[in-house]
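Written below as structure tokens is the structure these notes are about.
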Amino acid sequence: MSLSPDQVRRIATLARLAITDGQAAAYGPQISAILAHMDTLRTLNLDGVEPLTHISEATNRLDPDLPGPSLPPAALIAMAPDAMPPFVKVPKVLGDGGGA
Amino acid sequence: MPRIQSVQLKVGLEVHVELATRTKMFSRCPSPAHPEFDGAEPNSLIDPVVLALPGALPVMNRAAIEMAMMVGLALNCSIAERTKWDRKSYFYPDLPKGYQISQYDLPLCFDGAVDVPATDDKGFIIPDAEPARIGIIRAHLEEDAGKLLHEAPGGGAIDFSIVDWNRAGTPLLEIVTQPDFTHADQVLSFARMLRNICRFLGVTEGIMQKGHIRFEPNINTILTLDDGRTATTPITEVKNLNSFKALRGAIEHELREQPRRWLGDGREMGAGQKRTMGWDDARQQTSIQREKEDAHDYRYFPDPDLLPVVISRAWRDEVAARLPELPLARQKRYMEMYALAAKEAAALVEERDVCLLCEAAIDAMQRRGMDAPRAGRAAANFILQSGAKRANERDVLISDLGITGDEIAQIALLREEGKLSAAGADELFGILCEPGRPPAGAATLGVPERDVETLAGDRGLLIIRDDAALDRWCDEVIAKNDKVAADVRAGKAAAIGRLVGEVVKLAAAQGQRVDAKVVRDELAKKLGVSEPRR
């Protein structure tokens with residue numbers, strides 16, 4: 001079964017991607033094929049196999065808590081599309097944010 | 001329509017603690033949660049990682065992981081042998097990356113529990129009451145977001161928002177409890193205890209006004225109906241409470257409102273019924289937060305930029321060995337070593353700095369030859385009476401009054417030696433709290449510290465032990481008050497107080513201070529009665 005164009009549009013919205021109706025129609029079968037492959041993988045017997053949490057074998061890349069340099073605020077303001085120094089201007093938003 | 005017979009509160013708590021590392025969670029950019037960088041200019045604590053500039057890669061902060069382990073261990077959590085990082089998709093301008101790095105399925109700490117002592121509504125521990133066991137589901141690390149402002153600095157109206165990314169990337173420990181709380185008092189008791197534990201651990205200063213600790217209660221109620229059924233009201237999550245008062249207010253408000261809402265709409269707990277509310281401090285009520293419908297569709301996935309963290313037994317043990325004695329353990333020790341009442345011991349450990357002041361005073365007393373029980377009792381009395389009184393008047397912590405542990409010890413010794421009356425000792429305590437005195441440790445800076453006994457002498461507080469004069473004054477007062485003296489002899493023990501007062505007055509008229517306790521003993525001896533019960 002293929003994802004409907006509406007489902008594709010919802011995923012695109014969540015990812016902040018603008019897509020055309022033609023793309024929504026085309027991506028449906030493609031995403032569905034990927035998900036179908038996941039289902040194939042799911043049939044494997046993984047008893048006793050440790051989940052792979054990272055593609056690299058390495059672990060514990062940790063830094064000591066020693067402050068390094070900051071960027072000057074002016075560098076940020078120069079990069080910002082719009083600013084009210086020392087702040088960066090953004091479109092009006094409500095609330096405290098979604099997750100943090 | 002059935003009627004509600006009784007209402008049972010049910011609360012689970014999410015707590016965000018900003019860890020006071022010097023640098024951020026995933027870069028060595030200075031962090032505003034550390035006192036060293038607190039109050040930095042807006043957008044001055046930024047670097048390529050914080051701003052998500054192309055090519056910038058995160059590197060974990062070892063100190064943040066160890067602080068989080070310490071809190072987890074203090075909450076009796078298991079520490080994961082292997083933990084990893086996940087991206088929580090989150091498009092909001094307070095985090096420039098478009099996601100927050102968090103931990104989804106393998107949190108650093110999990111399955112803990114703490115016993116919360118029963119307290120009354122003023123936060124005082126009720127001795128001998130059964131503590132409530134609160135389960136800790138998990139405590140995981142993540143990064144904080146920046147701050148969005150919707151007014152110009154100073155309060156001017158703006159038709160856009162502005163952002164300060166100093167806080168973005170600060171290490172944040174999110175602690176999630178089981179919904180085990182059944183009373184607002186319990187939640188408050190836990191919240192205070194957790195703040196205090198974190199302060200003892202040194203992982204945060206815990207200044208609520210600065211947002212170092214934020215609470216998000218999940219609140220609902222179970223209604224018992226008169227037809228024998230029960231109804232469970234939908235959960236309300238109240239976001240970002242940064243004071244104990246707001247936390248209590250939000251819970252009590254929901255406890256009142258949820259049964260009323262149920263009577264109105266009959267809605268019960270279930271999929272899609274949970275609401276997210278904000279807290280309006282001015283009106284003391286919760287209000288619906290407008291949220292986009294997909295706000296909770298976070299689409300977590302493992303962060304490929306960060307390696308997993310493996311915590312060996314040796315590392316865990318090394319961090320565990322650094323845990324200081326925690327407040328509840330200190331409280332028990334004070335009760336055993338110093339024979340303090342539960343309430344007194346609890347009051348002493350309630351604030352880290354007050355507790356450390358008390359311990360410094362006890363140490364100094366013991367160094368000067370007092371035994372432990374007497375030293376503990378004397379320090380507790382001075383801190384909880386003379387200290388608490390003045391701290392209340394000045395609205396500061398007892399530890400911020402300016403008096404040092406060594407000075408408290410010197411007062412206690414003068415009192416023990418009978419050189420100060422109770423009132424004189426309290427007055428001297430007050431003098432040592434006066435602003436403008438040389439600071440503690442001034443001697444090391446070459447400023448002479450005043451000797452407490454000399455100071456007491458200068459202020460006329462020292463009792464001159466003149467036994468001959470005392471003898472004379474007592475005889476004179478007994479002679480002048482023969483009826484009262486007869487009452488005392490006849491067994492009216494309380495009447496002796498009047499005679500004591502007369503002797504104190506007589507001495508004062510001659511410019512002398514006498515210790516009421518010494519006078520009382522002397523009078524009792526002269527009147528042939530055993531020392532009255534005090």
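Residues are referred to by chain and number: the chain letter is A, B, ... according to the order shown in the structure tokens, the number counts from 1 in that chain, and ligands are numbered separately from 1 in the order shown.
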Quick one: which residues from chain A are at most 7 Å off chain B, using only C-alpha atoms, as a PDB file with N, CA and C atoms, in the first residue's frame?
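Output below, filename iface18.pdb:
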ATOM      1  N   THR A  53      23.872   1.323  17.952  1.00  0.00           N
ATOM      2  CA  THR A  53      23.489   2.683  18.300  1.00  0.00           C
ATOM      3  C   THR A  53      24.247   3.709  17.464  1.00  0.00           C
ATOM      4  N   HIS A  54      25.339   3.292  16.847  1.00  0.00           N
ATOM      5  CA  HIS A  54      26.080   4.218  15.996  1.00  0.00           C
ATOM      6  C   HIS A  54      26.860   3.402  14.986  1.00  0.00           C
ATOM      7  N   ALA A  58      33.569   3.568  17.758  1.00  0.00           N
ATOM      8  CA  ALA A  58      34.153   4.443  18.781  1.00  0.00           C
ATOM      9  C   ALA A  58      33.082   4.905  19.774  1.00  0.00           C
ATOM     10  N   THR A  59      33.508   5.195  20.982  1.00  0.00           N
ATOM     11  CA  THR A  59      32.585   5.731  22.002  1.00  0.00           C
ATOM     12  C   THR A  59      33.319   6.814  22.791  1.00  0.00           C
ATOM     13  N   ASN A  60      32.550   7.511  23.636  1.00  0.00           N
ATOM     14  CA  ASN A  60      33.098   8.413  24.650  1.00  0.00           C
ATOM     15  C   ASN A  60      34.059   9.480  24.118  1.00  0.00           C
ATOM     16  N   ARG A  61      33.642  10.171  23.088  1.00  0.00           N
ATOM     17  CA  ARG A  61      34.435  11.321  22.665  1.00  0.00           C
ATOM     18  C   ARG A  61      33.990  12.491  23.545  1.00  0.00           C
ATOM     19  N   LEU A  62      34.792  12.746  24.582  1.00  0.00           N
ATOM     20  CA  LEU A  62      34.390  13.718  25.603  1.00  0.00           C
ATOM     21  C   LEU A  62      35.456  14.802  25.738  1.00  0.00           C
ATOM     22  N   ASP A  63      35.017  16.021  25.948  1.00  0.00           N
ATOM     23  CA  ASP A  63      35.949  17.122  26.200  1.00  0.00           C
ATOM     24  C   ASP A  63      35.920  17.484  27.677  1.00  0.00           C
ATOM     25  N   PRO A  64      37.062  17.928  28.216  1.00  0.00           N
ATOM     26  CA  PRO A  64      37.014  18.509  29.569  1.00  0.00           C
ATOM     27  C   PRO A  64      36.263  19.841  29.524  1.00  0.00           C
ATOM     28  N   ASP A  65      35.752  20.246  30.665  1.00  0.00           N
ATOM     29  CA  ASP A  65      34.869  21.418  30.752  1.00  0.00           C
ATOM     30  C   ASP A  65      35.676  22.716  30.797  1.00  0.00           C
ATOM     31  N   LEU A  66      36.408  22.989  29.749  1.00  0.00           N
ATOM     32  CA  LEU A  66      37.261  24.188  29.733  1.00  0.00           C
ATOM     33  C   LEU A  66      36.794  25.146  28.643  1.00  0.00           C
ATOM     34  N   PRO A  67      36.413  26.372  29.032  1.00  0.00           N
ATOM     35  CA  PRO A  67      35.838  27.294  28.053  1.00  0.00           C
ATOM     36  C   PRO A  67      36.810  27.635  26.925  1.00  0.00           C
ATOM     37  N   GLY A  68      36.275  27.641  25.713  1.00  0.00           N
ATOM     38  CA  GLY A  68      37.009  28.106  24.548  1.00  0.00           C
ATOM     39  C   GLY A  68      36.451  29.461  24.131  1.00  0.00           C
ATOM     40  N   PRO A  69      36.826  29.911  22.960  1.00  0.00           N
ATOM     41  CA  PRO A  69      36.386  31.252  22.541  1.00  0.00           C
ATOM     42  C   PRO A  69      34.912  31.283  22.131  1.00  0.00           C
ATOM     43  N   SER A  70      34.319  32.470  22.284  1.00  0.00           N
ATOM     44  CA  SER A  70      32.975  32.718  21.753  1.00  0.00           C
ATOM     45  C   SER A  70      33.142  33.533  20.477  1.00  0.00           C
ATOM     46  N   LEU A  71      32.100  33.498  19.640  1.00  0.00           N
ATOM     47  CA  LEU A  71      32.086  34.408  18.495  1.00  0.00           C
ATOM     48  C   LEU A  71      31.660  35.789  18.983  1.00  0.00           C
ATOM     49  N   PRO A  72      32.194  36.843  18.405  1.00  0.00           N
ATOM     50  CA  PRO A  72      31.708  38.169  18.791  1.00  0.00           C
ATOM     51  C   PRO A  72      30.254  38.350  18.348  1.00  0.00           C
ATOM     52  N   PRO A  73      29.422  38.984  19.180  1.00  0.00           N
ATOM     53  CA  PRO A  73      28.023  39.195  18.804  1.00  0.00           C
ATOM     54  C   PRO A  73      27.898  39.877  17.438  1.00  0.00           C
ATOM     55  N   PRO A  86      21.657  43.811  20.291  1.00  0.00           N
ATOM     56  CA  PRO A  86      22.422  42.603  19.989  1.00  0.00           C
ATOM     57  C   PRO A  86      21.544  41.372  19.702  1.00  0.00           C
ATOM     58  N   PHE A  87      20.260  41.589  19.440  1.00  0.00           N
ATOM     59  CA  PHE A  87      19.351  40.458  19.203  1.00  0.00           C
ATOM     60  C   PHE A  87      19.153  40.222  17.713  1.00  0.00           C
ATOM     61  N   VAL A  88      18.749  38.992  17.400  1.00  0.00           N
ATOM     62  CA  VAL A  88      18.370  38.673  16.031  1.00  0.00           C
ATOM     63  C   VAL A  88      16.846  38.721  15.960  1.00  0.00           C
ATOM     64  N   LYS A  89      16.353  39.359  14.908  1.00  0.00           N
ATOM     65  CA  LYS A  89      14.899  39.462  14.724  1.00  0.00           C
ATOM     66  C   LYS A  89      14.387  38.195  14.066  1.00  0.00           C
ATOM     67  N   VAL A  90      13.261  37.693  14.558  1.00  0.00           N
ATOM     68  CA  VAL A  90      12.608  36.552  13.921  1.00  0.00           C
ATOM     69  C   VAL A  90      11.118  36.866  13.823  1.00  0.00           C
ATOM     70  N   PRO A  91      10.407  36.163  12.942  1.00  0.00           N
ATOM     71  CA  PRO A  91       8.963  36.416  12.871  1.00  0.00           C
ATOM     72  C   PRO A  91       8.314  36.195  14.231  1.00  0.00           C
ATOM     73  N   LYS A  92       7.248  36.921  14.472  1.00  0.00           N
ATOM     74  CA  LYS A  92       6.585  36.828  15.771  1.00  0.00           C
ATOM     75  C   LYS A  92       6.159  35.388  16.049  1.00  0.00           C
ATOM     76  N   VAL A  93       6.562  34.874  17.249  1.00  0.00           N
ATOM     77  CA  VAL A  93       6.170  33.515  17.617  1.00  0.00           C
ATOM     78  C   VAL A  93       5.484  33.567  18.969  1.00  0.00           C
ATOM     79  N   GLY A  97       8.064  27.864  22.936  1.00  0.00           N
ATOM     80  CA  GLY A  97       8.677  26.840  22.101  1.00  0.00           C
ATOM     81  C   GLY A  97       8.013  25.507  22.331  1.00  0.00           C
ATOM     82  N   GLY A  98       8.333  24.579  21.499  1.00  0.00           N
ATOM     83  CA  GLY A  98       7.604  23.322  21.515  1.00  0.00           C
ATOM     84  C   GLY A  98       8.158  22.290  22.462  1.00  0.00           C
ATOM     85  N   GLY A  99       9.458  22.216  22.602  1.00  0.00           N
ATOM     86  CA  GLY A  99       9.958  21.018  23.253  1.00  0.00           C
ATOM     87  C   GLY A  99      10.921  21.222  24.390  1.00  0.00           C
ATOM     88  N   ALA A 100      11.834  22.114  24.272  1.00  0.00           N
ATOM     89  CA  ALA A 100      12.955  22.156  25.224  1.00  0.00           C
ATOM     90  C   ALA A 100      12.489  22.438  26.631  1.00  0.00           C
TER      91      ALA A 100
END
DSSP on the backbone, then: every residue of range 236-358 of chain B marked helix (DSSP H, G or I), written as a short mmCIF file (atom, residue, chain, number, x, y, z; two decimals) with C-alpha atoms, in the first residue's frame.
data_model
loop_
_atom_site.label_atom_id
_atom_site.label_comp_id
_atom_site.auth_asym_id
_atom_site.auth_seq_id
_atom_site.Cartn_x
_atom_site.Cartn_y
_atom_site.Cartn_z
CA PHE B 244 7.53 26.83 44.25
CA LYS B 245 4.58 29.16 44.63
CA ALA B 246 3.60 28.76 40.98
CA LEU B 247 4.01 24.96 41.25
CA ARG B 248 1.67 24.79 44.23
CA GLY B 249 -0.72 27.30 42.65
CA ALA B 250 -0.98 25.34 39.40
CA ILE B 251 -1.65 22.03 41.17
CA GLU B 252 -4.21 23.47 43.56
CA HIS B 253 -5.94 25.32 40.74
CA GLU B 254 -6.23 22.16 38.63
CA LEU B 255 -7.42 20.17 41.66
CA ARG B 256 -10.30 22.64 42.00
CA GLU B 257 -10.99 23.03 38.28
CA GLN B 258 -10.79 19.47 36.91
CA PRO B 259 -13.86 18.11 38.77
CA ARG B 260 -15.75 21.24 37.73
CA ARG B 261 -14.69 20.79 34.08
CA TRP B 262 -15.75 17.14 34.21
CA LEU B 263 -19.19 18.15 35.47
CA GLY B 264 -19.38 20.54 32.52
CA ASP B 265 -18.07 18.38 29.65
CA ARG B 313 31.82 0.30 36.44
CA ALA B 314 35.04 2.11 37.37
CA TRP B 315 33.81 5.46 36.04
CA ARG B 316 30.47 5.08 37.77
CA ASP B 317 32.16 4.17 41.07
CA GLU B 318 34.57 7.06 40.78
CA VAL B 319 31.66 9.51 40.36
CA ALA B 320 29.70 7.82 43.16
CA PRO B 327 20.57 16.40 53.17
CA LEU B 328 18.38 13.56 54.43
CA ALA B 329 21.42 11.62 55.68
CA ARG B 330 22.71 14.73 57.44
CA GLN B 331 19.32 15.24 59.03
CA LYS B 332 19.34 11.71 60.45
CA ARG B 333 22.91 12.14 61.66
CA TYR B 334 22.04 15.40 63.47
CA MET B 335 19.16 13.67 65.24
CA GLU B 336 21.44 10.86 66.37
CA MET B 337 24.65 12.75 67.14
CA TYR B 338 23.19 15.93 68.58
CA ALA B 342 13.27 15.96 63.59
CA LYS B 343 11.86 19.41 62.93
CA GLU B 344 15.09 21.16 64.00
CA ALA B 345 17.31 18.81 62.01
CA ALA B 346 15.09 19.24 58.96
CA ALA B 347 15.23 23.01 59.26
CA LEU B 348 19.04 22.91 59.40
CA VAL B 349 19.46 20.91 56.19
CA ARG B 352 22.88 24.04 51.87
CA ASP B 353 24.66 27.20 53.00
CA VAL B 354 22.80 27.37 56.31
CA CYS B 355 23.65 23.73 56.89
CA LEU B 356 27.33 24.35 56.15
CA LEU B 357 27.34 27.37 58.50
CA CYS B 358 25.89 25.21 61.26
#
